[in-house]
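Enquirer: The file below is input.txt, compact mmCIF, C-alpha atoms:
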```txt
# COMPACT_ATOMS: atom_id res chain seq x y z
CA THR A 1096 94.48 -6.10 -24.21
CA THR A 1097 97.96 -6.73 -22.88
CA VAL A 1098 96.88 -9.88 -21.05
CA LEU A 1099 95.07 -11.30 -24.07
CA GLY A 1100 98.07 -10.55 -26.26
CA MET A 1101 100.60 -12.07 -23.85
CA PHE A 1102 98.78 -15.19 -22.72
CA THR A 1103 96.98 -16.48 -25.81
CA ASN A 1104 98.14 -17.81 -29.13
CA PRO A 1105 97.78 -15.21 -31.92
CA THR A 1106 95.81 -17.73 -33.98
CA ASP A 1107 93.30 -18.51 -31.19
CA LYS A 1108 89.68 -17.53 -31.71
CA LEU A 1109 87.88 -17.16 -28.42
CA SER A 1110 84.87 -15.83 -26.60
CA VAL A 1111 85.05 -13.33 -23.74
CA PHE A 1112 82.84 -13.17 -20.64
CA LEU A 1113 82.80 -9.70 -19.10
CA PHE A 1114 81.34 -9.05 -15.66
CA GLY A 1115 80.39 -5.39 -15.32
CA SER A 1116 78.45 -2.79 -17.26
CA GLY A 1117 79.98 0.50 -16.15
CA PRO A 1118 82.59 2.77 -17.72
CA ILE A 1119 85.42 0.27 -17.23
CA ALA A 1120 83.41 -2.42 -19.03
CA ARG A 1121 82.76 -0.03 -21.91
CA SER A 1122 86.48 0.73 -22.17
CA VAL A 1123 87.31 -2.98 -22.10
CA ILE A 1124 84.91 -3.62 -24.98
CA GLU A 1125 86.33 -0.73 -27.00
CA CYS A 1126 89.94 -1.86 -26.43
CA LEU A 1127 89.21 -5.48 -27.29
CA ASP A 1128 87.35 -4.42 -30.42
CA PHE A 1129 90.20 -2.15 -31.48
CA ARG A 1130 93.00 -4.66 -31.02
CA PHE A 1131 91.44 -8.13 -31.27
CA ALA A 1132 88.28 -7.89 -33.39
CA ASP A 1133 89.64 -10.61 -35.68
CA ARG A 1134 90.25 -13.02 -32.77
CA ILE A 1135 87.18 -12.56 -30.58
CA GLU A 1136 84.02 -14.36 -31.59
CA GLU A 1137 81.78 -12.67 -29.02
CA ILE A 1138 81.80 -10.69 -25.80
CA VAL A 1139 79.16 -11.87 -23.33
CA VAL A 1140 78.37 -9.16 -20.76
CA ARG A 1141 76.69 -9.64 -17.41
CA GLY A 1142 75.89 -6.52 -15.42
CA ARG A 1143 74.76 -6.11 -11.85
CA SER A 1144 71.43 -4.64 -12.94
CA ARG A 1145 69.28 -4.96 -16.02
CA GLU A 1146 69.19 -1.17 -16.32
CA GLY A 1147 72.98 -0.88 -16.27
CA LEU A 1148 73.34 -3.61 -18.86
CA GLU A 1149 70.72 -2.00 -21.10
CA ALA A 1150 72.48 1.36 -20.81
CA LEU A 1151 75.81 -0.20 -21.80
CA MET A 1152 74.25 -2.02 -24.74
CA ALA A 1153 72.63 1.22 -25.96
CA ASP A 1154 75.90 3.10 -25.50
CA ILE A 1155 77.98 0.67 -27.59
CA ALA A 1156 75.34 -0.08 -30.23
CA GLY A 1157 76.96 0.22 -33.64
CA CYS A 1158 80.38 0.97 -32.15
CA THR A 1159 81.93 -2.51 -32.23
CA THR A 1160 82.56 -5.14 -34.84
CA ILE A 1161 82.58 -7.91 -32.23
CA PRO A 1162 79.10 -9.18 -31.29
CA VAL A 1163 78.30 -8.06 -27.72
CA ILE A 1164 75.71 -10.29 -26.07
CA PRO A 1165 73.91 -9.29 -22.86
CA ALA A 1166 73.55 -12.04 -20.26
CA SER A 1167 71.33 -12.37 -17.22
CA ASP A 1168 73.26 -15.38 -15.88
CA THR A 1169 76.54 -17.26 -16.31
CA THR A 1170 75.28 -19.93 -18.70
CA ARG A 1171 77.82 -18.90 -21.38
CA LEU A 1172 80.74 -18.70 -18.92
CA PRO A 1173 82.04 -22.28 -19.49
CA PHE A 1174 82.41 -21.53 -23.21
CA CYS A 1175 84.50 -18.38 -22.74
CA ARG A 1176 88.29 -18.68 -22.56
CA PHE A 1177 88.86 -15.08 -21.43
CA VAL A 1178 87.00 -13.87 -18.34
CA ILE A 1179 87.17 -10.26 -17.18
CA THR A 1180 85.77 -8.94 -13.94
CA ALA A 1181 85.27 -5.18 -14.14
CA THR A 1182 83.21 -4.67 -11.00
CA ASN A 1183 83.67 -3.68 -7.40
CA ALA A 1184 81.83 -6.76 -6.14
CA ARG A 1185 82.44 -7.93 -2.61
CA THR A 1186 81.39 -11.51 -3.24
CA PRO A 1187 82.37 -14.06 -5.91
CA LEU A 1188 80.75 -13.57 -9.30
CA PHE A 1189 81.09 -17.18 -10.47
CA ASP A 1190 81.80 -20.69 -9.26
CA ASP A 1191 85.23 -22.14 -9.96
CA CYS A 1192 83.69 -25.20 -11.60
CA ALA A 1193 81.82 -22.96 -14.09
CA LEU A 1194 84.99 -21.73 -15.81
CA HIS A 1195 86.38 -23.10 -19.04
CA ARG A 1196 89.21 -25.45 -18.08
CA ARG A 1197 91.75 -23.27 -19.93
CA ALA A 1198 90.26 -19.91 -18.98
CA ILE A 1199 92.41 -16.85 -18.58
CA SER A 1200 90.97 -14.38 -16.13
CA LEU A 1201 91.63 -10.68 -15.69
CA HIS A 1202 90.41 -9.09 -12.47
CA LEU A 1203 90.02 -5.34 -12.53
CA GLY A 1204 87.87 -4.83 -9.49
CA GLY A 1205 87.02 -6.05 -6.05
CA ASP A 1206 86.71 -9.26 -4.10
CA GLU A 1207 84.94 -11.08 -6.91
CA VAL A 1208 86.79 -14.37 -7.33
CA PRO A 1209 85.91 -17.57 -5.45
CA GLU A 1210 88.44 -18.85 -2.94
CA THR A 1211 88.56 -22.26 -4.65
CA TYR A 1212 89.56 -20.61 -7.93
CA LEU A 1213 92.35 -18.65 -6.28
CA GLN A 1214 93.67 -21.72 -4.53
CA ARG A 1215 93.63 -23.70 -7.77
CA ALA A 1216 95.31 -20.90 -9.73
CA LEU A 1217 98.00 -20.47 -7.09
CA ARG A 1218 98.63 -24.24 -6.99
CA SER A 1219 98.55 -25.13 -10.64
CA GLY A 1220 98.22 -22.02 -12.76
CA LEU A 1221 100.03 -18.81 -13.47
CA VAL A 1222 99.12 -15.79 -11.33
CA VAL A 1223 100.31 -12.39 -12.51
CA CYS A 1224 99.69 -8.95 -11.02
CA ASP A 1225 100.32 -5.66 -12.75
CA ASP A 1226 102.30 -4.60 -9.68
CA VAL A 1227 102.47 -6.90 -6.64
CA ALA A 1228 103.30 -4.15 -4.14
CA THR A 1229 100.48 -1.88 -5.26
CA VAL A 1230 97.88 -4.65 -5.36
CA SER A 1231 99.05 -5.83 -1.94
CA ARG A 1232 98.90 -2.40 -0.32
CA ARG A 1233 95.53 -1.58 -1.85
CA ASN A 1234 94.22 -4.85 -0.36
CA SER A 1235 90.89 -4.64 -2.16
CA GLN A 1236 91.20 -7.34 -4.81
CA SER A 1237 90.64 -11.06 -4.34
CA ILE A 1238 94.30 -12.06 -4.58
CA ALA A 1239 95.50 -9.56 -1.95
CA LEU A 1240 92.55 -10.32 0.32
CA HIS A 1241 93.29 -14.04 0.03
CA PHE A 1242 96.58 -13.48 1.87
CA SER A 1243 95.55 -10.68 4.24
CA ARG A 1244 92.70 -12.83 5.61
CA ARG A 1245 95.40 -15.26 6.70
CA GLY A 1246 97.57 -12.62 8.37
CA PHE A 1247 100.01 -12.26 5.46
CA SER A 1248 100.35 -9.92 2.53
CA LEU A 1249 100.56 -10.58 -1.18
CA GLU A 1250 103.78 -8.58 -1.16
CA GLN A 1251 105.33 -10.98 1.41
CA ILE A 1252 104.10 -14.31 0.07
CA GLY A 1253 103.44 -13.72 -3.63
CA PRO A 1254 107.05 -13.70 -4.83
CA LEU A 1255 107.83 -16.79 -2.74
CA ILE A 1256 105.14 -18.87 -4.45
CA GLY A 1257 105.65 -17.58 -7.97
CA VAL A 1258 103.16 -14.72 -8.31
CA ALA A 1259 104.71 -12.76 -11.16
CA GLU A 1260 104.46 -9.14 -12.21
CA LEU A 1261 103.12 -8.18 -15.60
CA SER A 1262 105.94 -5.69 -15.98
CA GLY A 1263 108.55 -8.28 -14.99
CA SER A 1264 111.09 -9.55 -17.46
CA GLY A 1265 111.04 -12.98 -19.07
CA ASP A 1266 108.26 -15.18 -20.42
```
I need this file expressed as structure tokens, please.
Expert:
Amino acid sequence: TTVLGMFTNPTDKLSVFLFGSGPIARSVIECLDFRFADRIEEIVVRGRSREGLEALMADIAGCTTIPVIPASDTTRLPFCRFVITATNARTPLFDDCALHRRAISLHLGGDEVPETYLQRALRSGLVVCDDVATVSRRNSQSIALHFSRRGFSLEQIGPLIGVAELSGSGD
């Protein structure tokens, strides 16, 4: 909820695309419903398996005021301005060109973001980590892996190219 609160206008109404159907996804839905029910039009959820998605839908039935819509593909992705990856995927979950042009993305899991998206975000967007050193040392998320595959670390290069920390001061 911190990212949505910090990087969107309080009057914006938007849709969310959530990749993942496990316990983290459930917590994301609950937090978004608690804090932003008046701003979120829908949460579209795509899980790795139909069974996992069905279990999540059954688990949250009647517990949210935001409509939660199960998805078997990424057809709704271009219409969602907030994209959350709550998986431990080892391959990209979407194509860069499929994102809304003003999408904000929050990556909570693995190596799930396409290289073209990372390059574009690093060149022309704003990239923020909760803690650069921790993400770099863990080296399991797309942004850290982007640098380590080139023989560098996020901790070395990130601050030089403007990767910010969520806990940092300023706007």
Enquirer: Write out as a PDB file with C-alpha atoms, keeping the file's coordinate frame the residues lying within 12 Å of Val1230 in chain A, counting all atoms listed in the file and excluding same-chain residues fewer than 2 positions away.
Expert:
```
ATOM      1  CA  HIS A1202      90.410  -9.090 -12.470  1.00  0.00           C
ATOM      2  CA  LEU A1203      90.020  -5.340 -12.530  1.00  0.00           C
ATOM      3  CA  GLY A1204      87.870  -4.830  -9.490  1.00  0.00           C
ATOM      4  CA  GLY A1205      87.020  -6.050  -6.050  1.00  0.00           C
ATOM      5  CA  VAL A1223     100.310 -12.390 -12.510  1.00  0.00           C
ATOM      6  CA  CYS A1224      99.690  -8.950 -11.020  1.00  0.00           C
ATOM      7  CA  ASP A1225     100.320  -5.660 -12.750  1.00  0.00           C
ATOM      8  CA  ASP A1226     102.300  -4.600  -9.680  1.00  0.00           C
ATOM      9  CA  VAL A1227     102.470  -6.900  -6.640  1.00  0.00           C
ATOM     10  CA  ALA A1228     103.300  -4.150  -4.140  1.00  0.00           C
ATOM     11  CA  ARG A1232      98.900  -2.400  -0.320  1.00  0.00           C
ATOM     12  CA  ARG A1233      95.530  -1.580  -1.850  1.00  0.00           C
ATOM     13  CA  ASN A1234      94.220  -4.850  -0.360  1.00  0.00           C
ATOM     14  CA  SER A1235      90.890  -4.640  -2.160  1.00  0.00           C
ATOM     15  CA  GLN A1236      91.200  -7.340  -4.810  1.00  0.00           C
ATOM     16  CA  SER A1237      90.640 -11.060  -4.340  1.00  0.00           C
ATOM     17  CA  ILE A1238      94.300 -12.060  -4.580  1.00  0.00           C
ATOM     18  CA  ALA A1239      95.500  -9.560  -1.950  1.00  0.00           C
ATOM     19  CA  LEU A1240      92.550 -10.320   0.320  1.00  0.00           C
ATOM     20  CA  HIS A1241      93.290 -14.040   0.030  1.00  0.00           C
ATOM     21  CA  PHE A1242      96.580 -13.480   1.870  1.00  0.00           C
ATOM     22  CA  SER A1243      95.550 -10.680   4.240  1.00  0.00           C
ATOM     23  CA  SER A1248     100.350  -9.920   2.530  1.00  0.00           C
ATOM     24  CA  LEU A1249     100.560 -10.580  -1.180  1.00  0.00           C
ATOM     25  CA  GLU A1250     103.780  -8.580  -1.160  1.00  0.00           C
ATOM     26  CA  GLN A1251     105.330 -10.980   1.410  1.00  0.00           C
ATOM     27  CA  GLY A1253     103.440 -13.720  -3.630  1.00  0.00           C
ATOM     28  CA  VAL A1258     103.160 -14.720  -8.310  1.00  0.00           C
ATOM     29  CA  GLU A1260     104.460  -9.140 -12.210  1.00  0.00           C
TER      30      GLU A1260
END
```
Enquirer: Each residue of range 1164-1239 of chain A lying at most 12 Å from range 1124-1134 of chain A should get a row with its shortest atom-to-atom pair and the distance in Å to one decimal, counting only C-alpha atoms; could you produce that, ordered by chain and increasing number, as CSV?
Expert:
```
residue,atom,partner,partner_atom,distance
A:Ile1164,CA,A:Ile1124,CA,11.4
A:Arg1176,CA,A:Arg1134,CA,11.8
A:Phe1177,CA,A:Leu1127,CA,11.3
A:Ile1179,CA,A:Ile1124,CA,10.5
A:Ala1181,CA,A:Ile1124,CA,11.0
```
Enquirer: Choose the residue, out of A:Leu1194, A:Leu1099, A:Leu1148, A:Leu1261, that has the smallest atom-to-atom separation from Gly1115 in chain A; count all atoms listed in the file.
Expert: A:Leu1148
Enquirer: For a quick check of understanding, using only C-alpha atoms, which of A:Ala1184, A:Arg1141, A:Asp1190, A:Glu1210 has the smallest distance to Asp1168 in chain A?
Expert: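 Of the candidates, the smallest distance to Asp1168 in chain A is held by A:Arg1141.
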Enquirer: Rank nothing, just name the residue among A:Met1101, A:Ala1259, A:Ala1216, A:Ile1138 nearest to Cys1175 in chain A, using all atoms listed in the file.
Expert: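 The closest residue to Cys1175 in chain A is A:Ile1138.
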Enquirer: Using all atoms listed in the file for the distances, tell me which of A:Ser1200, A:Thr1160, A:Asn1183, A:Ser1144 is nearest to Val1111 in chain A.
Expert: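 Using all atoms listed in the file, Val1111 in chain A sits closest to A:Ser1200.
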Enquirer: Take CA of Val1163 in chain A and CA of Ser1110 in chain A and report the distance between them in Å, one decimal.
Expert: 10.2 Å
Enquirer: Using 6 Å of padding on each side, determine the axis-aligned box around all atoms of range 1177-1191 of chain A present in the file and give its centre and edge lengths in Å to one decimal, as JSON.
Expert:
```
{"center_x": 84.8, "center_y": -12.9, "center_z": -12.0, "size_x": 20.1, "size_y": 30.5, "size_z": 30.8}
```
Enquirer: Would you mind putting back N, CA, C and O atoms on range 1165-1185 of chain A, then writing it out as a PDB file, keeping the file's coordinate frame?
Expert:
```
ATOM      1  N   PRO A1165      74.256  -9.470 -24.276  1.00  0.00           N
ATOM      2  CA  PRO A1165      73.910  -9.290 -22.860  1.00  0.00           C
ATOM      3  C   PRO A1165      73.521 -10.627 -22.238  1.00  0.00           C
ATOM      4  O   PRO A1165      72.934 -11.486 -22.896  1.00  0.00           O
ATOM      5  N   ALA A1166      73.862 -10.796 -20.959  1.00  0.00           N
ATOM      6  CA  ALA A1166      73.550 -12.040 -20.260  1.00  0.00           C
ATOM      7  C   ALA A1166      72.940 -11.735 -18.899  1.00  0.00           C
ATOM      8  O   ALA A1166      73.381 -10.830 -18.208  1.00  0.00           O
ATOM      9  N   SER A1167      71.946 -12.524 -18.535  1.00  0.00           N
ATOM     10  CA  SER A1167      71.330 -12.370 -17.220  1.00  0.00           C
ATOM     11  C   SER A1167      71.839 -13.420 -16.241  1.00  0.00           C
ATOM     12  O   SER A1167      71.490 -13.402 -15.062  1.00  0.00           O
ATOM     13  N   ASP A1168      72.691 -14.329 -16.731  1.00  0.00           N
ATOM     14  CA  ASP A1168      73.260 -15.380 -15.880  1.00  0.00           C
ATOM     15  C   ASP A1168      74.627 -15.773 -16.428  1.00  0.00           C
ATOM     16  O   ASP A1168      75.139 -15.144 -17.348  1.00  0.00           O
ATOM     17  N   THR A1169      75.199 -16.823 -15.889  1.00  0.00           N
ATOM     18  CA  THR A1169      76.540 -17.260 -16.310  1.00  0.00           C
ATOM     19  C   THR A1169      76.514 -18.507 -17.197  1.00  0.00           C
ATOM     20  O   THR A1169      77.524 -19.198 -17.308  1.00  0.00           O
ATOM     21  N   THR A1170      75.406 -18.750 -17.852  1.00  0.00           N
ATOM     22  CA  THR A1170      75.280 -19.930 -18.700  1.00  0.00           C
ATOM     23  C   THR A1170      76.377 -20.022 -19.756  1.00  0.00           C
ATOM     24  O   THR A1170      76.893 -21.097 -20.042  1.00  0.00           O
ATOM     25  N   ARG A1171      76.788 -18.908 -20.330  1.00  0.00           N
ATOM     26  CA  ARG A1171      77.820 -18.900 -21.380  1.00  0.00           C
ATOM     27  C   ARG A1171      79.247 -18.938 -20.832  1.00  0.00           C
ATOM     28  O   ARG A1171      80.201 -19.120 -21.574  1.00  0.00           O
ATOM     29  N   LEU A1172      79.408 -18.760 -19.524  1.00  0.00           N
ATOM     30  CA  LEU A1172      80.740 -18.700 -18.920  1.00  0.00           C
ATOM     31  C   LEU A1172      81.630 -19.895 -19.256  1.00  0.00           C
ATOM     32  O   LEU A1172      82.804 -19.706 -19.609  1.00  0.00           O
ATOM     33  N   PRO A1173      81.155 -21.129 -19.200  1.00  0.00           N
ATOM     34  CA  PRO A1173      82.040 -22.280 -19.490  1.00  0.00           C
ATOM     35  C   PRO A1173      82.570 -22.317 -20.919  1.00  0.00           C
ATOM     36  O   PRO A1173      83.510 -23.054 -21.213  1.00  0.00           O
ATOM     37  N   PHE A1174      81.999 -21.533 -21.809  1.00  0.00           N
ATOM     38  CA  PHE A1174      82.410 -21.530 -23.210  1.00  0.00           C
ATOM     39  C   PHE A1174      83.361 -20.373 -23.529  1.00  0.00           C
ATOM     40  O   PHE A1174      83.800 -20.231 -24.671  1.00  0.00           O
ATOM     41  N   CYS A1175      83.666 -19.560 -22.539  1.00  0.00           N
ATOM     42  CA  CYS A1175      84.500 -18.380 -22.740  1.00  0.00           C
ATOM     43  C   CYS A1175      85.898 -18.615 -22.166  1.00  0.00           C
ATOM     44  O   CYS A1175      86.038 -18.942 -20.998  1.00  0.00           O
ATOM     45  N   ARG A1176      86.909 -18.435 -23.007  1.00  0.00           N
ATOM     46  CA  ARG A1176      88.290 -18.680 -22.560  1.00  0.00           C
ATOM     47  C   ARG A1176      88.936 -17.463 -21.924  1.00  0.00           C
ATOM     48  O   ARG A1176      90.005 -17.561 -21.327  1.00  0.00           O
ATOM     49  N   PHE A1177      88.322 -16.294 -22.059  1.00  0.00           N
ATOM     50  CA  PHE A1177      88.860 -15.080 -21.430  1.00  0.00           C
ATOM     51  C   PHE A1177      87.755 -14.481 -20.590  1.00  0.00           C
ATOM     52  O   PHE A1177      86.685 -14.156 -21.106  1.00  0.00           O
ATOM     53  N   VAL A1178      87.997 -14.369 -19.286  1.00  0.00           N
ATOM     54  CA  VAL A1178      87.000 -13.870 -18.340  1.00  0.00           C
ATOM     55  C   VAL A1178      87.540 -12.615 -17.688  1.00  0.00           C
ATOM     56  O   VAL A1178      88.658 -12.619 -17.152  1.00  0.00           O
ATOM     57  N   ILE A1179      86.756 -11.549 -17.752  1.00  0.00           N
ATOM     58  CA  ILE A1179      87.170 -10.260 -17.180  1.00  0.00           C
ATOM     59  C   ILE A1179      86.158  -9.835 -16.132  1.00  0.00           C
ATOM     60  O   ILE A1179      84.953  -9.832 -16.401  1.00  0.00           O
ATOM     61  N   THR A1180      86.651  -9.475 -14.962  1.00  0.00           N
ATOM     62  CA  THR A1180      85.770  -8.940 -13.940  1.00  0.00           C
ATOM     63  C   THR A1180      86.077  -7.449 -13.803  1.00  0.00           C
ATOM     64  O   THR A1180      87.164  -7.065 -13.382  1.00  0.00           O
ATOM     65  N   ALA A1181      85.133  -6.634 -14.196  1.00  0.00           N
ATOM     66  CA  ALA A1181      85.270  -5.180 -14.140  1.00  0.00           C
ATOM     67  C   ALA A1181      84.178  -4.639 -13.221  1.00  0.00           C
ATOM     68  O   ALA A1181      83.312  -3.876 -13.640  1.00  0.00           O
ATOM     69  N   THR A1182      84.221  -5.076 -11.977  1.00  0.00           N
ATOM     70  CA  THR A1182      83.210  -4.670 -11.000  1.00  0.00           C
ATOM     71  C   THR A1182      83.916  -4.307  -9.696  1.00  0.00           C
ATOM     72  O   THR A1182      85.126  -4.437  -9.574  1.00  0.00           O
ATOM     73  N   ASN A1183      83.140  -3.881  -8.749  1.00  0.00           N
ATOM     74  CA  ASN A1183      83.670  -3.680  -7.400  1.00  0.00           C
ATOM     75  C   ASN A1183      82.927  -4.611  -6.434  1.00  0.00           C
ATOM     76  O   ASN A1183      82.695  -4.277  -5.278  1.00  0.00           O
ATOM     77  N   ALA A1184      82.583  -5.786  -6.926  1.00  0.00           N
ATOM     78  CA  ALA A1184      81.830  -6.760  -6.140  1.00  0.00           C
ATOM     79  C   ALA A1184      82.592  -7.173  -4.896  1.00  0.00           C
ATOM     80  O   ALA A1184      83.815  -7.219  -4.885  1.00  0.00           O
ATOM     81  N   ARG A1185      81.846  -7.481  -3.879  1.00  0.00           N
ATOM     82  CA  ARG A1185      82.440  -7.930  -2.610  1.00  0.00           C
ATOM     83  C   ARG A1185      82.212  -9.410  -2.362  1.00  0.00           C
ATOM     84  O   ARG A1185      82.570  -9.919  -1.305  1.00  0.00           O
TER      85      ARG A1185
END
```
